[in-house]
Number of protein chains: 2
Amino acid sequence: LKALNYKEGKISFQKDCPAPEQQPKEALIRVIQSGICSTDLEITKGYMHFDGVLGHEFVGIVEQCNDSNLTGRRVAGEINIGCNHCSYCKTGNSKHCPARSVLGILNKNGSFAEYLTLPMKNLHQVPDSISDDEAVFVEPLAAAFAITDQLCVTREHEVCLLGDGRLALLIAQILHLIGCSLVVAGRHEEKLDILKKMGIQTTLSCNLFDKVYDIVVDATGSPSGLEQASGIVKPGGKIVLKTTVAKERSFDFNQLVIDEVTIIGSRCGPFDQAINALKEKSVDVKPLISKTFELKDGLEALMFAGEKGALKVILKS
Amino acid sequence: LKALNYKEGKISFQKDCPAPEQQPKEALIRVIQSGICSTDLEITKGYMHFDGVLGHEFVGIVEQCNDSNLTGRRVAGEINIGCNHCSYCKTGNSKHCPARSVLGILNKNGSFAEYLTLPMKNLHQVPDSISDDEAVFVEPLAAAFAITDQLCVTREHEVCLLGDGRLALLIAQILHLIGCSLVVAGRHEEKLDILKKMGIQTTLSCNLFDKVYDIVVDATGSPSGLEQASGIVKPGGKIVLKTTVAKERSFDFNQLVIDEVTIIGSRCGPFDQAINALKEKSVDVKPLISKTFELKDGLEALMFAGEKGALKVILKS
């Protein structure tokens, strides 16, 4: 079977991978296609020290499982696989299970392959009204919705979103839906233009000064994003940190204490909300698709996704 | 007039300081005595780049002001002096006024002197039932109460307080009052013993492992406190950061994002609550007093306060 394998710092396309082993309560899923995420690119720079098949944003068809309602269905899948026994798993919080594996990120082969396996309870059916291209956005869109799960954002808040990449453009649309006073600051006019067309206020990051915000979201994917956020957050305000990068970061914690700022780490979010938003077309992901590649051209696809200006790159399995 | 002056990295006792200039709406206060805070010690290591009279925890008598109700009264004083015009000052949030000065910390001579001035609205009368020795704890105790202002701590929470210094021993008592499941982790058996006698669970920091907490308060005053806090906070949990240190700190922000941890910077708090707690004797500060010095021996007092094992050192003006 075909898969894009990452091992000891090298990515290779392989044609002869064994089929993934289906555990009890898991489903075998034929991957239709995957999205390439910045996390995939960070992994290839050493983040998470992962070896295996990359990819965690996918849509696929359930080929085999014990639940006849699921077999044959088109699904997206939550990426955290918990132990099912710890206090986190028992309270529906498997994303924080200390013994978890994570699809394409931690001890679990991912979706840049013909087949993957996931626990049946991780799967969400994708309604017919959501296309395959849209469906690969379910996972990152859920991650964007995590923000509104973690903190209260209202129309009263002045919010600045730093970043104009794949995830940022999703977060921007969600914050815009809430109706808060929002400005999105990025480095790429052409990416910001996508949001402008949606009626979202944008600016180049270099033009941010003086004004301070109640909430700043760092979705830059850059080690410098947090420092920038810290410079424009109001005293008593909140920074939502979405950026994970292979590089270490140092930070002026004194200023954080003096200004009584809160930093909130934010990762995975609710799939049902993401699927609903795509179904209701309240979020438009199609302008975010840059290019589609075949799995065998995966190395080229990853390089393309890492280039300045690239947004979502899709890999067909 | 006598004052303990810090200038260009050197502390000197001076006998011939001019009287502090009383601004409109300010009161002239004869300082009875002050407490030495870890922040004072950090300033002498370069924190805040402050030049001037140190000291911000004091009790004194109002000698001169326009309010006859205040004149002659014994007072403690809030340390932030706002501009009175910005949006922070207008909403009672002068501690975050961008143009503020801060008593003994930023552009305002402090309390290690015979006299100081502060805006009348910064002053809080100290009831007779609170002694001078207790009254110097009003400011740090208010800072401890800031925590329960900033986040909800209930009996349901498992809380670990890191630190057994001046501020930590106050925070411990407040968290104990709330009735949360609390353990205080420090490095000095004799300091932890003070809390043990109050029925508070303590442990040596080196014995902290395995168990994780909903809320971790870093009041270590050490650059390593935050990293330690990060190691014992539950995923989805909260770290309250009280520590400001002259040294830079680097931090694993990836883990913060992955574990969706929140860091909350915490500084100054409500004086009324602190005064009330001292009045009601719900907090006992007397065991925290290590030694009292005369102002002329201020250098010796600061050195003593910086020694391992020292708690609150009082300077008589």
# chains A, B, ... in the order shown; residues from 1 in each chain; ligands from 1
call {"tool": "residues_around", "arguments": {"residues": "region 189-197 of chain B", "least_positions_apart": "6", "cutoff": "8 Å", "atoms": "only C-alpha atoms", "output": "MDAnalysis selection string"}}
result
chainID B and resid 164:165 169 172:173 203:204 287 309
call {"tool": "interface_residues", "arguments": {"of": "chain A", "to": "chain B", "cutoff": "9 Å", "atoms": "only C-alpha atoms", "output": "ChimeraX atom specification"}}
result
/A:95-98,234-236,238,241-246,248-268
call {"tool": "select_by_dssp", "arguments": {"residues": "region 76-184 of chain B", "states": "helix (DSSP H, G or I)", "output": "ChimeraX atom specification"}}
result
/B:87-90,94-96,120-122,132-135,138-150,166-178
call {"tool": "closest_residue", "arguments": {"among": "B:Ala277, B:Ala168, B:Met198, B:Val233", "to": "Ser38 (chain B)", "atoms": "only C-alpha atoms"}}
result
B:Ala168
call {"tool": "residues_around", "arguments": {"residues": "Asp297 (chain A)", "least_positions_apart": "2", "cutoff": "12 Å", "atoms": "only C-alpha atoms", "output": "ChimeraX atom specification"}}
result
/A:2-4,11-14,112,292-295,299-304,313-317
call {"tool": "residues_around", "arguments": {"residues": "region 56-71 of chain A", "least_positions_apart": "2", "cutoff": "6 Å", "atoms": "only C-alpha atoms", "output": "list in words"}}
result
Ala27, Leu28, Ile29, Arg30, Val31, Ile32, Gln33, Ser34, Gly35, Arg73, Arg74, Val75, Ala76, Leu103, Gly104, Gly110, Ser111, Ala135, Val136 and Glu139 of chain A
call {"tool": "closest_residue", "arguments": {"among": "A:Val212, A:Leu41, A:Ile105, A:Leu167", "to": "Ile232 (chain A)", "atoms": "only C-alpha atoms"}}
result
A:Val212
call {"tool": "residues_around", "arguments": {"residues": "Leu161 (chain A)", "least_positions_apart": "6", "cutoff": "10 Å", "atoms": "only C-alpha atoms", "output": "list in words"}}
result
Ala168, Leu169, Ile171, Ala172, Leu175, Leu182, Val183, Val184, Ala185, Gly186, Thr202, Ser205, Tyr213, Ile215, Val216, Val217, Asp218, Ala219, Thr220, Ala229, Ile239 and Val240 of chain A
call {"tool": "residues_around", "arguments": {"residues": "Ser290 (chain B)", "least_positions_apart": "3", "cutoff": "7 Å", "atoms": "only C-alpha atoms", "output": "JSON, numbers by chain"}}
result
{"B": [310, 311, 312, 313]}
call {"tool": "residues_around", "arguments": {"residues": "Ser94 (chain A)", "least_positions_apart": "4", "cutoff": "8 Å", "atoms": "only C-alpha atoms", "output": "PyMOL selection string"}}
result
chain A and resi 80-84+88-90+100
call {"tool": "write_last_selection", "arguments": {"atoms": "all heavy atoms", "output": "PDB file, in the first residue's frame"}}
result
ATOM      1  N   ASN A  80      -6.877  12.403  18.520  1.00  0.00           N
ATOM      2  CA  ASN A  80      -6.325  11.905  19.784  1.00  0.00           C
ATOM      3  C   ASN A  80      -6.934  10.556  20.152  1.00  0.00           C
ATOM      4  O   ASN A  80      -8.164  10.424  20.191  1.00  0.00           O
ATOM      5  CB  ASN A  80      -6.604  12.905  20.914  1.00  0.00           C
ATOM      6  CG  ASN A  80      -5.927  14.235  20.656  1.00  0.00           C
ATOM      7  OD1 ASN A  80      -4.718  14.358  20.797  1.00  0.00           O
ATOM      8  ND2 ASN A  80      -6.714  15.233  20.242  1.00  0.00           N
ATOM      9  N   ILE A  81      -6.068   9.594  20.431  1.00  0.00           N
ATOM     10  CA  ILE A  81      -6.535   8.253  20.776  1.00  0.00           C
ATOM     11  C   ILE A  81      -6.126   7.986  22.222  1.00  0.00           C
ATOM     12  O   ILE A  81      -4.946   7.782  22.517  1.00  0.00           O
ATOM     13  CB  ILE A  81      -5.914   7.218  19.830  1.00  0.00           C
ATOM     14  CG1 ILE A  81      -6.281   7.575  18.385  1.00  0.00           C
ATOM     15  CG2 ILE A  81      -6.379   5.797  20.192  1.00  0.00           C
ATOM     16  CD1 ILE A  81      -5.113   7.593  17.442  1.00  0.00           C
ATOM     17  N   GLY A  82      -7.113   8.036  23.099  1.00  0.00           N
ATOM     18  CA  GLY A  82      -6.839   7.906  24.533  1.00  0.00           C
ATOM     19  C   GLY A  82      -6.778   6.459  24.978  1.00  0.00           C
ATOM     20  O   GLY A  82      -7.042   5.537  24.199  1.00  0.00           O
ATOM     21  N   CYS A  83      -6.437   6.296  26.260  1.00  0.00           N
ATOM     22  CA  CYS A  83      -6.307   4.942  26.827  1.00  0.00           C
ATOM     23  C   CYS A  83      -7.658   4.377  27.237  1.00  0.00           C
ATOM     24  O   CYS A  83      -7.782   3.181  27.494  1.00  0.00           O
ATOM     25  CB  CYS A  83      -5.380   4.988  28.046  1.00  0.00           C
ATOM     26  SG  CYS A  83      -6.114   5.831  29.473  1.00  0.00           S
ATOM     27  N   ASN A  84      -8.671   5.232  27.292  1.00  0.00           N
ATOM     28  CA  ASN A  84     -10.041   4.849  27.686  1.00  0.00           C
ATOM     29  C   ASN A  84     -10.214   4.578  29.178  1.00  0.00           C
ATOM     30  O   ASN A  84     -11.330   4.303  29.616  1.00  0.00           O
ATOM     31  CB  ASN A  84     -10.522   3.608  26.920  1.00  0.00           C
ATOM     32  CG  ASN A  84     -10.859   3.959  25.493  1.00  0.00           C
ATOM     33  OD1 ASN A  84     -11.355   5.051  25.227  1.00  0.00           O
ATOM     34  ND2 ASN A  84     -10.551   3.061  24.584  1.00  0.00           N
ATOM     35  N   TYR A  88      -9.008  11.499  32.345  1.00  0.00           N
ATOM     36  CA  TYR A  88      -9.278  12.354  31.186  1.00  0.00           C
ATOM     37  C   TYR A  88     -10.196  11.644  30.206  1.00  0.00           C
ATOM     38  O   TYR A  88     -11.186  12.206  29.744  1.00  0.00           O
ATOM     39  CB  TYR A  88      -7.970  12.767  30.501  1.00  0.00           C
ATOM     40  CG  TYR A  88      -7.085  13.562  31.429  1.00  0.00           C
ATOM     41  CD1 TYR A  88      -6.020  12.965  32.087  1.00  0.00           C
ATOM     42  CD2 TYR A  88      -7.346  14.895  31.686  1.00  0.00           C
ATOM     43  CE1 TYR A  88      -5.230  13.672  32.967  1.00  0.00           C
ATOM     44  CE2 TYR A  88      -6.564  15.622  32.564  1.00  0.00           C
ATOM     45  CZ  TYR A  88      -5.511  15.004  33.197  1.00  0.00           C
ATOM     46  OH  TYR A  88      -4.745  15.717  34.071  1.00  0.00           O
ATOM     47  N   CYS A  89      -9.851  10.400  29.881  1.00  0.00           N
ATOM     48  CA  CYS A  89     -10.657   9.647  28.920  1.00  0.00           C
ATOM     49  C   CYS A  89     -12.082   9.457  29.437  1.00  0.00           C
ATOM     50  O   CYS A  89     -13.047   9.550  28.692  1.00  0.00           O
ATOM     51  CB  CYS A  89     -10.007   8.301  28.632  1.00  0.00           C
ATOM     52  SG  CYS A  89      -8.517   8.458  27.610  1.00  0.00           S
ATOM     53  N   LYS A  90     -12.188   9.225  30.741  1.00  0.00           N
ATOM     54  CA  LYS A  90     -13.504   8.960  31.315  1.00  0.00           C
ATOM     55  C   LYS A  90     -14.395  10.187  31.335  1.00  0.00           C
ATOM     56  O   LYS A  90     -15.605  10.080  31.492  1.00  0.00           O
ATOM     57  CB  LYS A  90     -13.356   8.395  32.735  1.00  0.00           C
ATOM     58  CG  LYS A  90     -12.954   6.917  32.708  1.00  0.00           C
ATOM     59  CD  LYS A  90     -12.835   6.347  34.108  1.00  0.00           C
ATOM     60  CE  LYS A  90     -12.480   4.865  34.050  1.00  0.00           C
ATOM     61  NZ  LYS A  90     -12.030   4.372  35.362  1.00  0.00           N
ATOM     62  N   ARG A 100      -2.010   8.930  25.509  1.00  0.00           N
ATOM     63  CA  ARG A 100      -2.622   8.977  24.179  1.00  0.00           C
ATOM     64  C   ARG A 100      -1.593   8.795  23.060  1.00  0.00           C
ATOM     65  O   ARG A 100      -0.410   9.077  23.219  1.00  0.00           O
ATOM     66  CB  ARG A 100      -3.333  10.320  23.981  1.00  0.00           C
ATOM     67  CG  ARG A 100      -2.358  11.484  23.782  1.00  0.00           C
ATOM     68  CD  ARG A 100      -3.073  12.817  23.719  1.00  0.00           C
ATOM     69  NE  ARG A 100      -2.138  13.942  23.649  1.00  0.00           N
ATOM     70  CZ  ARG A 100      -1.612  14.550  24.703  1.00  0.00           C
ATOM     71  NH1 ARG A 100      -1.906  14.147  25.923  1.00  0.00           N
ATOM     72  NH2 ARG A 100      -0.781  15.569  24.540  1.00  0.00           N
TER      73      ARG A 100
END
call {"tool": "atom_distance", "arguments": {"atom1": "CA of Gly55 (chain A)", "atom2": "CA of Phe145 (chain A)"}}
result
20.2 Å
call {"tool": "select_by_dssp", "arguments": {"residues": "region 146-176 of chain A", "states": "strand (DSSP E)", "output": "list in words"}}
result
Glu158, Val159, Cys160, Leu161 and Leu162 of chain A
call {"tool": "atom_distance", "arguments": {"atom1": "CA of Thr117 (chain A)", "atom2": "CA of Glu21 (chain A)"}}
result
7.3 Å
call {"tool": "closest_residue", "arguments": {"among": "A:Pro140, A:Gly225, A:Gly52, A:Gly77", "to": "His124 (chain A)", "atoms": "only C-alpha atoms"}}
result
A:Gly77
